[in-house]
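K.L.:
Following this message is one structure expressed as structure tokens.
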Amino acid sequence: MSGGAGAYAAVDLGASSGRVMVGRVGPGSLELTEAHRFPNRPVRVPEGLRWDVLGLYTGVLDGLRAVGAVDSVGIDSWAVDHGLLDADGALLGNPVHYRDGRTDAVAEKVWATVPASELYAATGLQYAPFNTLYQLVAARGTRQFAQAERLLLMPDLLTYWLTGEQGTELTNASTTQLIDPRTRTWAHGIAERLGIDLELFAPLRRPGDPAGVLRPGVLGEIGLAGPVPVTAVASHDTASAVAAVPADGERFAYICTGTWSLAGLELDAPVLTEESRAANFTNELGLDGTVRFLRNIMGLWLLQECLRAWGEPDLDALLREAAGAPALRSVVDAGDSAFLAPGRMPERIAEACRATGQPVPDSPAATVRCILDSLALAHRTAVEDAQRL
């Protein structure tokens with residue numbers, strides 16, 4: 001976050017949990033300690049699926065209180081989701097969860113104005129129904145969107161609450177499908193054609209840019225003396241993860257696994273070919289001018305949803321039992337949008353196996369084995385396709 005020795009607080013927010021880490025830097029050393037971990041549980045309300053952003057903010061404050069004195073604070077999170085603020089800077093409702101159904105069939109409306117091939121050539125972003133661009137088109141015409149004066153992506157929203165300063169960090173902004181990966185600035189032509197006002201976004205920040213200092217009220221709540229700087233990091237969690245890959249040299253592939261799995265290469269320039277689009281590869285911006293050329297795979301979301309459906313059984317025991325199950329007996333397409341929404345995951349995996357003429361998993365352990373085998377194959381295929389493209 002800044003040069004020299006010291007202690008730095010890193011807030012890492014995932015789709016199922018958040019954590020606050022403290023990194024202590026010394027001569028030739030880095031010591032990482034988890035200070036606080038907290039759940040991230042989306043809430044289904046009558047209007048749809050929403051993030052409990054107040055709970056997340058509470059977790060961040062609790063974590064900073066546990067960390068104690070630090071030289072700087074940085075925040076990363078998952079991509080695409082955001083909060084809308086009114087003219088006074090107040091949040092207009094809980095942020096919509098990317099798995100909410102409001103973007104169903106929105107892509108086709110967008111493509112009627114900007115064909116998918118043109119959209120990819122301009123932004124380099126894969127098709128995903130929940131990209132911020134589609135969320136904005138879906139929100140058009142709602143009272144909340146009409147009142148919005150500012151849009152802040154999730155890490156930028158929490159940074160704003162900590163500091164009072166607004167900005168849009170670039171690596172996360174590149175997932176909105178509104179950034180040109182060649183110029184690393186807004187894709188004004190795309191936004192104009194789709195009627196999206198880019199003034200809704202705060203000015204772009206690069207990783208390493210100052211993002212303000214903790215407000216006096218925050219310092220009082222967490223028991224610290226100021227000033228404590230907040231620094232813009234590579235705030236898309238995958239951008240930070242790829243930057244931390246301990247690769248020796250430039251020729252390496254990465255697999256980043258969590259709720260989502262991301263597999264691909266780090267490049268110096270985007271790949272914007274039609275072949276790349278057809279393979280559904282994305283070009284997201286990384287640290288120091290790099291591009292994360294990768295494929296999104298559904299990841300451990302499949303396992304998380306199955307565990308929820310089964311009443312949260314002992315995971316270690318289930319994994320040991322799955323390790324003894326026959327390998328590659330059944331596999332599913334881990335990138336299939338059929339698995340995107342929450343609910344009924346074991347049944348949906350069974351339905352996919354049945355539809356493709358494969359043995360249907362007959363126990364939780366067999367289902368887990370199917371998931372892990374499917375992810376392993378998807379990871380390998382993604383890396384091979386990235387090298388080919």
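Residues in the structure tokens are named by chain (A, B, ... in the order shown) and by number from 1 within that chain; ligands are numbered from 1 in the order shown.
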Determine, counting only C-alpha atoms, which protein, DNA and RNA residues have an atom within 9 Å of an atom of Ser235 of chain A; residues of the same chain fewer than 4 positions away are not included. Present the result as a list in words.

P.N.:
Asp12, Gly74, Ile75, Asp76, Ser77, Trp78, Ala79, Pro155, Asp156, Glu169, Leu170, Thr171, Asn172, Pro207, Ala239 and Ser240 of chain A

K.L.:
Grab the residues selected above and save them as a short mmCIF file (atom, residue, chain, number, x, y, z; two decimals), in the first residue's frame with C-alpha atoms.

P.N.:
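File written: again-v2.cif
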data_model
loop_
_atom_site.label_atom_id
_atom_site.label_comp_id
_atom_site.auth_asym_id
_atom_site.auth_seq_id
_atom_site.Cartn_x
_atom_site.Cartn_y
_atom_site.Cartn_z
CA ASP A 12 -10.91 -8.68 1.93
CA GLY A 74 -7.07 -0.94 1.92
CA ILE A 75 -10.26 -2.74 0.82
CA ASP A 76 -10.99 -5.27 -1.92
CA SER A 77 -14.17 -7.19 -2.74
CA TRP A 78 -16.03 -9.08 -5.43
CA ALA A 79 -16.86 -7.24 -8.63
CA PRO A 155 -14.99 -1.42 -2.02
CA ASP A 156 -15.35 2.25 -2.95
CA GLU A 169 -10.82 2.12 -8.43
CA LEU A 170 -9.72 0.98 -11.88
CA THR A 171 -9.33 -2.80 -11.54
CA ASN A 172 -12.87 -3.12 -10.22
CA PRO A 207 -4.04 1.08 -7.25
CA ALA A 239 -6.67 -8.42 -9.16
CA SER A 240 -5.07 -8.44 -5.72
#

K.L.:
List every residue of segment 263-332 of chain A that DSSP, applied to the backbone, labels as strand (DSSP E), and write the result as a short mmCIF file (atom, residue, chain, number, x, y, z; two decimals) with C-alpha atoms, in the first residue's frame.

P.N.:
data_model
loop_
_atom_site.label_atom_id
_atom_site.label_comp_id
_atom_site.auth_asym_id
_atom_site.auth_seq_id
_atom_site.Cartn_x
_atom_site.Cartn_y
_atom_site.Cartn_z
CA ALA A 263 -8.32 -19.31 -14.44
CA GLY A 264 -6.12 -17.61 -17.00
CA LEU A 265 -2.99 -15.63 -17.78
CA GLU A 266 -1.53 -12.22 -16.95
CA LEU A 267 -0.83 -10.28 -20.16
CA THR A 282 -12.60 -11.68 -20.22
CA ASN A 283 -9.97 -8.93 -20.11
CA GLU A 284 -9.93 -7.37 -16.66
CA LEU A 285 -7.34 -4.79 -15.66
CA VAL A 291 -4.48 -7.46 -18.08
CA ARG A 292 -6.05 -10.49 -16.42
CA PHE A 293 -7.09 -12.67 -19.36
CA LEU A 294 -9.30 -15.29 -17.77
CA ARG A 295 -12.43 -17.36 -17.77
CA ASN A 296 -14.95 -17.23 -14.93
CA ILE A 297 -16.03 -20.63 -13.61
#

K.L.:
Between A:Thr290, A:Thr257, A:Gln144, A:Asn40, which has the minimum distance to Ala243 of chain A (counting only C-alpha atoms)?

P.N.:
A:Thr290

K.L.:
For Thr273 of chain A, work out the shell of residues within 12 Å, counting only C-alpha atoms and skipping chain neighbours fewer than 5 positions away, then give it as a list of chain:residue names.

P.N.:
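Near neighbours after the sequence-gap exclusion: A:Ser117, A:Glu118, A:Leu119, A:Tyr120, A:Ala121, A:Ala122, A:Thr123, A:Gly124, A:Leu125, A:Gln126, A:Ala278, A:Ala279, A:Asn280, A:Phe281, A:Thr282, A:Asn283, A:Leu389.
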
K.L.:
Quick one: everything within 10 Å of Ala66 of chain A, counting only C-alpha atoms, minus sequence neighbours fewer than 6 positions away in the same chain. Send it as a PyMOL selection string.

P.N.:
chain A and resi 20-22+34-36+60+222-223

K.L.:
Among segment 35-272 of chain A, which ones does DSSP place in helix (DSSP H, G or I), written as a compact mmCIF listing (two decimals) with N, CA, C and O atoms, in the first residue's frame?

P.N.:
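After the write, part-v8.txt holds the following:
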# COMPACT_ATOMS: atom_id res chain seq x y z
N VAL A 53 -25.12 -4.70 3.50
CA VAL A 53 -23.92 -3.85 3.49
C VAL A 53 -23.65 -3.25 4.86
O VAL A 53 -22.48 -2.99 5.20
N LEU A 54 -24.69 -3.03 5.67
CA LEU A 54 -24.46 -2.50 7.02
C LEU A 54 -23.75 -3.54 7.89
O LEU A 54 -22.88 -3.21 8.70
N GLY A 55 -24.12 -4.80 7.71
CA GLY A 55 -23.42 -5.87 8.42
C GLY A 55 -21.96 -5.96 7.99
O GLY A 55 -21.07 -6.19 8.81
N LEU A 56 -21.71 -5.78 6.69
CA LEU A 56 -20.34 -5.80 6.20
C LEU A 56 -19.52 -4.66 6.80
O LEU A 56 -18.38 -4.84 7.22
N TYR A 57 -20.12 -3.48 6.82
CA TYR A 57 -19.41 -2.32 7.37
C TYR A 57 -19.12 -2.53 8.85
O TYR A 57 -18.02 -2.20 9.33
N THR A 58 -20.06 -3.11 9.57
CA THR A 58 -19.82 -3.42 10.98
C THR A 58 -18.65 -4.39 11.12
O THR A 58 -17.80 -4.23 12.01
N GLY A 59 -18.60 -5.40 10.24
CA GLY A 59 -17.48 -6.34 10.27
C GLY A 59 -16.16 -5.67 10.00
O GLY A 59 -15.13 -6.00 10.61
N VAL A 60 -16.15 -4.71 9.08
CA VAL A 60 -14.93 -3.96 8.78
C VAL A 60 -14.47 -3.18 10.01
O VAL A 60 -13.29 -3.21 10.38
N LEU A 61 -15.39 -2.48 10.65
CA LEU A 61 -15.04 -1.70 11.83
C LEU A 61 -14.54 -2.60 12.96
O LEU A 61 -13.54 -2.28 13.63
N ASP A 62 -15.22 -3.72 13.17
CA ASP A 62 -14.78 -4.66 14.20
C ASP A 62 -13.36 -5.16 13.89
O ASP A 62 -12.53 -5.31 14.80
N GLY A 63 -13.09 -5.41 12.62
CA GLY A 63 -11.77 -5.89 12.24
C GLY A 63 -10.69 -4.84 12.44
O GLY A 63 -9.59 -5.14 12.94
N LEU A 64 -10.99 -3.60 12.08
CA LEU A 64 -10.00 -2.53 12.27
C LEU A 64 -9.75 -2.30 13.76
O LEU A 64 -8.63 -1.99 14.17
N ARG A 65 -10.80 -2.46 14.56
CA ARG A 65 -10.62 -2.33 16.01
C ARG A 65 -9.69 -3.43 16.53
O ARG A 65 -8.84 -3.19 17.39
N ALA A 66 -9.84 -4.64 15.98
CA ALA A 66 -9.00 -5.76 16.41
C ALA A 66 -7.57 -5.61 15.94
O ALA A 66 -6.63 -6.05 16.62
N VAL A 67 -7.37 -4.99 14.79
CA VAL A 67 -6.03 -4.83 14.23
C VAL A 67 -5.20 -3.86 15.07
O VAL A 67 -4.02 -4.07 15.34
N GLY A 101 -32.52 -11.68 -9.88
CA GLY A 101 -33.04 -11.95 -11.22
C GLY A 101 -33.36 -10.73 -12.06
O GLY A 101 -33.88 -10.89 -13.17
N ARG A 102 -33.02 -9.53 -11.59
CA ARG A 102 -33.45 -8.35 -12.34
C ARG A 102 -32.78 -8.21 -13.70
O ARG A 102 -33.29 -7.51 -14.58
N THR A 103 -31.63 -8.87 -13.90
CA THR A 103 -30.94 -8.75 -15.19
C THR A 103 -31.31 -9.85 -16.17
O THR A 103 -30.74 -9.92 -17.26
N VAL A 106 -31.89 -9.00 -19.93
CA VAL A 106 -31.47 -7.62 -20.21
C VAL A 106 -30.39 -7.59 -21.29
O VAL A 106 -30.35 -6.66 -22.11
N ALA A 107 -29.51 -8.59 -21.31
CA ALA A 107 -28.43 -8.58 -22.30
C ALA A 107 -28.97 -8.48 -23.73
O ALA A 107 -28.40 -7.76 -24.56
N GLU A 108 -30.04 -9.19 -24.00
CA GLU A 108 -30.60 -9.15 -25.36
C GLU A 108 -31.04 -7.74 -25.73
O GLU A 108 -30.92 -7.31 -26.89
N LYS A 109 -31.58 -6.99 -24.76
CA LYS A 109 -31.97 -5.60 -25.01
C LYS A 109 -30.75 -4.74 -25.31
O LYS A 109 -30.78 -3.87 -26.20
N VAL A 110 -29.67 -4.97 -24.58
CA VAL A 110 -28.43 -4.22 -24.82
C VAL A 110 -27.88 -4.54 -26.21
O VAL A 110 -27.49 -3.65 -26.96
N TRP A 111 -27.86 -5.83 -26.55
CA TRP A 111 -27.30 -6.23 -27.84
C TRP A 111 -28.11 -5.71 -29.02
O TRP A 111 -27.58 -5.59 -30.13
N ALA A 112 -29.37 -5.39 -28.79
CA ALA A 112 -30.16 -4.79 -29.87
C ALA A 112 -29.64 -3.41 -30.23
O ALA A 112 -29.81 -2.95 -31.36
N THR A 113 -28.97 -2.75 -29.28
CA THR A 113 -28.38 -1.43 -29.53
C THR A 113 -26.90 -1.53 -29.85
O THR A 113 -26.41 -0.91 -30.80
N ALA A 116 -23.27 -7.85 -29.47
CA ALA A 116 -22.33 -8.46 -28.53
C ALA A 116 -20.90 -8.39 -29.03
O ALA A 116 -19.96 -8.16 -28.25
N SER A 117 -20.70 -8.58 -30.33
CA SER A 117 -19.34 -8.54 -30.87
C SER A 117 -18.73 -7.15 -30.75
O SER A 117 -17.54 -7.00 -30.44
N GLU A 118 -19.52 -6.11 -30.97
CA GLU A 118 -19.03 -4.74 -30.83
C GLU A 118 -18.74 -4.40 -29.37
O GLU A 118 -17.76 -3.72 -29.05
N LEU A 119 -19.60 -4.89 -28.50
CA LEU A 119 -19.41 -4.63 -27.07
C LEU A 119 -18.11 -5.26 -26.58
O LEU A 119 -17.34 -4.64 -25.83
N TYR A 120 -17.82 -6.47 -27.05
CA TYR A 120 -16.59 -7.14 -26.64
C TYR A 120 -15.37 -6.45 -27.24
O TYR A 120 -14.35 -6.25 -26.55
N ALA A 121 -15.45 -6.06 -28.49
CA ALA A 121 -14.32 -5.39 -29.13
C ALA A 121 -13.98 -4.08 -28.44
O ALA A 121 -12.82 -3.64 -28.44
N ALA A 122 -14.98 -3.44 -27.83
CA ALA A 122 -14.76 -2.15 -27.18
C ALA A 122 -14.34 -2.29 -25.72
O ALA A 122 -13.59 -1.44 -25.21
N THR A 123 -14.81 -3.33 -25.04
CA THR A 123 -14.58 -3.44 -23.60
C THR A 123 -13.81 -4.69 -23.19
O THR A 123 -13.28 -4.74 -22.08
N THR A 132 -22.11 -4.96 -14.49
CA THR A 132 -22.68 -3.69 -14.04
C THR A 132 -23.47 -3.00 -15.14
O THR A 132 -24.53 -2.40 -14.88
N LEU A 133 -22.98 -3.08 -16.35
CA LEU A 133 -23.69 -2.46 -17.48
C LEU A 133 -25.13 -2.96 -17.55
O LEU A 133 -26.07 -2.17 -17.69
N TYR A 134 -25.33 -4.27 -17.46
CA TYR A 134 -26.67 -4.83 -17.52
C TYR A 134 -27.49 -4.45 -16.29
O TYR A 134 -28.70 -4.23 -16.38
N GLN A 135 -26.82 -4.36 -15.14
CA GLN A 135 -27.54 -3.93 -13.94
C GLN A 135 -28.06 -2.50 -14.10
O GLN A 135 -29.19 -2.19 -13.67
N LEU A 136 -27.27 -1.63 -14.70
CA LEU A 136 -27.70 -0.25 -14.88
C LEU A 136 -28.87 -0.16 -15.85
O LEU A 136 -29.82 0.62 -15.64
N VAL A 137 -28.83 -0.94 -16.91
CA VAL A 137 -29.94 -0.95 -17.85
C VAL A 137 -31.19 -1.49 -17.17
O VAL A 137 -32.31 -0.98 -17.38
N ALA A 138 -31.02 -2.51 -16.33
CA ALA A 138 -32.17 -3.08 -15.61
C ALA A 138 -32.76 -2.08 -14.63
O ALA A 138 -33.98 -2.09 -14.39
N ALA A 139 -31.92 -1.23 -14.05
CA ALA A 139 -32.38 -0.28 -13.03
C ALA A 139 -33.06 0.94 -13.65
O ALA A 139 -33.77 1.68 -12.95
N ARG A 143 -37.52 4.28 -9.38
CA ARG A 143 -37.47 5.52 -8.60
C ARG A 143 -36.11 5.69 -7.95
O ARG A 143 -35.56 6.80 -7.91
N GLN A 144 -35.55 4.60 -7.45
CA GLN A 144 -34.25 4.68 -6.79
C GLN A 144 -33.17 5.17 -7.76
O GLN A 144 -32.36 6.05 -7.43
N PHE A 145 -33.17 4.61 -8.96
CA PHE A 145 -32.14 5.00 -9.94
C PHE A 145 -32.34 6.45 -10.36
O PHE A 145 -31.36 7.18 -10.59
N ALA A 146 -33.59 6.90 -10.45
CA ALA A 146 -33.85 8.29 -10.82
C ALA A 146 -33.32 9.26 -9.78
O ALA A 146 -32.94 10.40 -10.10
N GLN A 147 -33.26 8.83 -8.52
CA GLN A 147 -32.77 9.69 -7.44
C GLN A 147 -31.25 9.64 -7.30
O GLN A 147 -30.67 10.46 -6.59
N MET A 154 -18.56 -1.70 -4.57
CA MET A 154 -18.60 -2.08 -3.16
C MET A 154 -17.36 -1.65 -2.36
O MET A 154 -17.51 -1.07 -1.28
N PRO A 155 -16.13 -1.87 -2.82
CA PRO A 155 -14.99 -1.42 -2.02
C PRO A 155 -14.95 0.10 -1.91
O PRO A 155 -14.55 0.64 -0.86
N ASP A 156 -15.36 0.78 -2.97
CA ASP A 156 -15.35 2.25 -2.95
C ASP A 156 -16.43 2.80 -2.03
O ASP A 156 -16.25 3.85 -1.41
N LEU A 157 -17.56 2.08 -1.91
CA LEU A 157 -18.62 2.51 -1.00
C LEU A 157 -18.14 2.44 0.45
O LEU A 157 -18.32 3.39 1.24
N LEU A 158 -17.50 1.33 0.82
CA LEU A 158 -17.00 1.19 2.18
C LEU A 158 -15.86 2.17 2.46
O LEU A 158 -15.76 2.72 3.56
N THR A 159 -15.02 2.38 1.46
CA THR A 159 -13.96 3.38 1.60
C THR A 159 -14.55 4.77 1.83
O THR A 159 -14.05 5.55 2.65
N TYR A 160 -15.63 5.07 1.13
CA TYR A 160 -16.31 6.37 1.30
C TYR A 160 -16.84 6.52 2.72
O TYR A 160 -16.71 7.58 3.35
N TRP A 161 -17.44 5.46 3.26
CA TRP A 161 -17.95 5.54 4.63
C TRP A 161 -16.81 5.72 5.64
O TRP A 161 -16.98 6.35 6.67
N LEU A 162 -15.65 5.15 5.33
CA LEU A 162 -14.50 5.30 6.23
C LEU A 162 -13.87 6.68 6.15
O LEU A 162 -13.37 7.20 7.15
N THR A 163 -13.87 7.28 4.96
CA THR A 163 -13.08 8.49 4.73
C THR A 163 -13.88 9.72 4.35
O THR A 163 -13.38 10.84 4.49
N LEU A 170 -9.74 1.41 -10.49
CA LEU A 170 -9.72 0.98 -11.88
C LEU A 170 -9.89 -0.52 -12.07
O LEU A 170 -10.62 -0.95 -12.98
N THR A 171 -9.23 -1.36 -11.27
CA THR A 171 -9.33 -2.80 -11.54
C THR A 171 -10.76 -3.28 -11.37
O THR A 171 -11.22 -4.15 -12.12
N ASN A 172 -11.47 -2.74 -10.39
CA ASN A 172 -12.87 -3.12 -10.22
C ASN A 172 -13.74 -2.47 -11.28
O ASN A 172 -14.71 -3.07 -11.77
N ALA A 173 -13.43 -1.23 -11.64
CA ALA A 173 -14.19 -0.55 -12.69
C ALA A 173 -14.13 -1.32 -14.00
O ALA A 173 -15.07 -1.29 -14.81
N HIS A 188 -16.48 5.73 -23.54
CA HIS A 188 -17.51 6.75 -23.68
C HIS A 188 -18.51 6.42 -24.80
O HIS A 188 -19.71 6.66 -24.65
N GLY A 189 -18.01 5.87 -25.92
CA GLY A 189 -18.91 5.57 -27.03
C GLY A 189 -19.96 4.54 -26.66
O GLY A 189 -21.14 4.69 -27.01
N ILE A 190 -19.56 3.49 -25.94
CA ILE A 190 -20.50 2.46 -25.52
C ILE A 190 -21.53 3.05 -24.56
O ILE A 190 -22.74 2.84 -24.69
N ALA A 191 -21.06 3.80 -23.57
CA ALA A 191 -21.97 4.39 -22.59
C ALA A 191 -22.97 5.32 -23.26
O ALA A 191 -24.17 5.31 -22.94
N GLU A 192 -22.51 6.13 -24.21
CA GLU A 192 -23.40 7.07 -24.89
C GLU A 192 -24.47 6.34 -25.68
O GLU A 192 -25.66 6.72 -25.63
N ARG A 193 -24.10 5.28 -26.38
CA ARG A 193 -25.07 4.55 -27.18
C ARG A 193 -26.13 3.87 -26.31
O ARG A 193 -27.28 3.71 -26.74
N LEU A 198 -21.90 8.54 -17.54
CA LEU A 198 -20.69 8.19 -16.79
C LEU A 198 -20.40 9.16 -15.66
O LEU A 198 -19.54 8.89 -14.81
N GLU A 199 -21.09 10.29 -15.63
CA GLU A 199 -20.94 11.22 -14.50
C GLU A 199 -21.48 10.61 -13.21
O GLU A 199 -21.21 11.13 -12.12
N LEU A 200 -22.22 9.51 -13.35
CA LEU A 200 -22.71 8.81 -12.16
C LEU A 200 -21.54 8.23 -11.36
O LEU A 200 -21.65 8.05 -10.14
N PRO A 216 -12.75 11.26 11.70
CA PRO A 216 -12.67 11.32 13.17
C PRO A 216 -13.67 10.39 13.84
O PRO A 216 -13.35 9.75 14.85
N GLY A 217 -14.90 10.32 13.30
CA GLY A 217 -15.90 9.44 13.90
C GLY A 217 -15.51 7.99 13.84
O GLY A 217 -15.78 7.20 14.77
N VAL A 218 -14.86 7.57 12.75
CA VAL A 218 -14.40 6.20 12.62
C VAL A 218 -13.26 5.94 13.59
O VAL A 218 -13.22 4.90 14.28
N LEU A 219 -12.31 6.88 13.68
CA LEU A 219 -11.20 6.71 14.62
C LEU A 219 -11.71 6.54 16.04
O LEU A 219 -11.22 5.68 16.78
N GLY A 220 -12.72 7.35 16.41
CA GLY A 220 -13.27 7.22 17.75
C GLY A 220 -13.94 5.88 17.98
O GLY A 220 -13.84 5.30 19.07
N GLU A 221 -14.60 5.36 16.95
CA GLU A 221 -15.33 4.10 17.10
C GLU A 221 -14.39 2.91 17.22
O GLU A 221 -14.68 1.94 17.93
N ILE A 222 -13.25 2.96 16.54
CA ILE A 222 -12.33 1.82 16.57
C ILE A 222 -11.17 2.04 17.54
O ILE A 222 -10.30 1.17 17.68
N ASP A 237 -10.98 -8.31 -5.90
CA ASP A 237 -10.21 -9.28 -5.13
C ASP A 237 -9.32 -10.15 -6.00
O ASP A 237 -8.20 -10.51 -5.60
N THR A 238 -9.77 -10.48 -7.21
CA THR A 238 -8.93 -11.30 -8.08
C THR A 238 -7.70 -10.53 -8.55
O THR A 238 -6.62 -11.11 -8.72
N ALA A 239 -7.83 -9.23 -8.77
CA ALA A 239 -6.67 -8.42 -9.16
C ALA A 239 -5.61 -8.46 -8.07
O ALA A 239 -4.41 -8.59 -8.36
N SER A 240 -6.03 -8.35 -6.82
CA SER A 240 -5.07 -8.44 -5.72
C SER A 240 -4.49 -9.84 -5.61
O SER A 240 -3.29 -10.01 -5.37
N ALA A 241 -5.32 -10.85 -5.81
CA ALA A 241 -4.84 -12.23 -5.72
C ALA A 241 -3.80 -12.53 -6.79
O ALA A 241 -2.76 -13.15 -6.52
N VAL A 242 -4.06 -12.10 -8.02
CA VAL A 242 -3.12 -12.36 -9.11
C VAL A 242 -1.82 -11.60 -8.90
O VAL A 242 -0.73 -12.10 -9.18
N ALA A 243 -1.93 -10.37 -8.37
CA ALA A 243 -0.71 -9.60 -8.08
C ALA A 243 0.16 -10.31 -7.05
O ALA A 243 1.38 -10.12 -7.03

K.L.:
List as a PyMOL selection string the protein and nucleic acid residues near Asp88 of chain A, meaning an atom at most 12 Å away when only C-alpha atoms are counted, but skip any in the same chain fewer than 2 places from it.

P.N.:
chain A and resi 84-86+90-92+147-150+164

K.L.:
Extract, using only C-alpha atoms, all DNA, RNA and protein residues at most 7 Å from Gly167 of chain A, discarding same-chain residues fewer than 2 positions from it, and format them as a list in words.

P.N.:
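Listed by chain and then number, they are Asp156, Glu165, Glu169, Ala202, Pro203, Leu204 and Arg205 of chain A.
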
K.L.:
Take the residues from that selection and write them out as a PDB file, in the first residue's frame, keeping C-alpha atoms.

P.N.:
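File part-v8.pdb, as written:
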ATOM      1  CA  ASP A 156     -15.354   2.245  -2.953  1.00  0.00           C
ATOM      2  CA  GLU A 165     -13.904  10.587  -0.086  1.00  0.00           C
ATOM      3  CA  GLU A 169     -10.818   2.122  -8.425  1.00  0.00           C
ATOM      4  CA  ALA A 202     -16.728   9.022  -9.131  1.00  0.00           C
ATOM      5  CA  PRO A 203     -13.327   9.849 -10.681  1.00  0.00           C
ATOM      6  CA  LEU A 204     -11.106   6.888 -11.478  1.00  0.00           C
ATOM      7  CA  ARG A 205      -8.357   5.890  -9.062  1.00  0.00           C
TER       8      ARG A 205
END

K.L.:
If we count only C-alpha atoms, what is near Asp362 of chain A at a cut-off of 12 Å, once residues fewer than 2 positions away on the same chain are taken out, given as a list in words?

P.N.:
Ala322, Ala325, Arg329, Ser330, Pro346, Glu347, Ile349, Ala350, Cys353, Arg354, Gln358, Pro359, Val360, Pro364, Ala365, Ala366, Thr367, Val368, Arg369 and Cys370 of chain A

K.L.:
Mind pulling up the distance from atom CA of Asp209 of chain A to atom CA of Val233 of chain A?

P.N.:
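Pair atom CA of Val233 of chain A / atom CA of Asp209 of chain A returns 7.7 Å.
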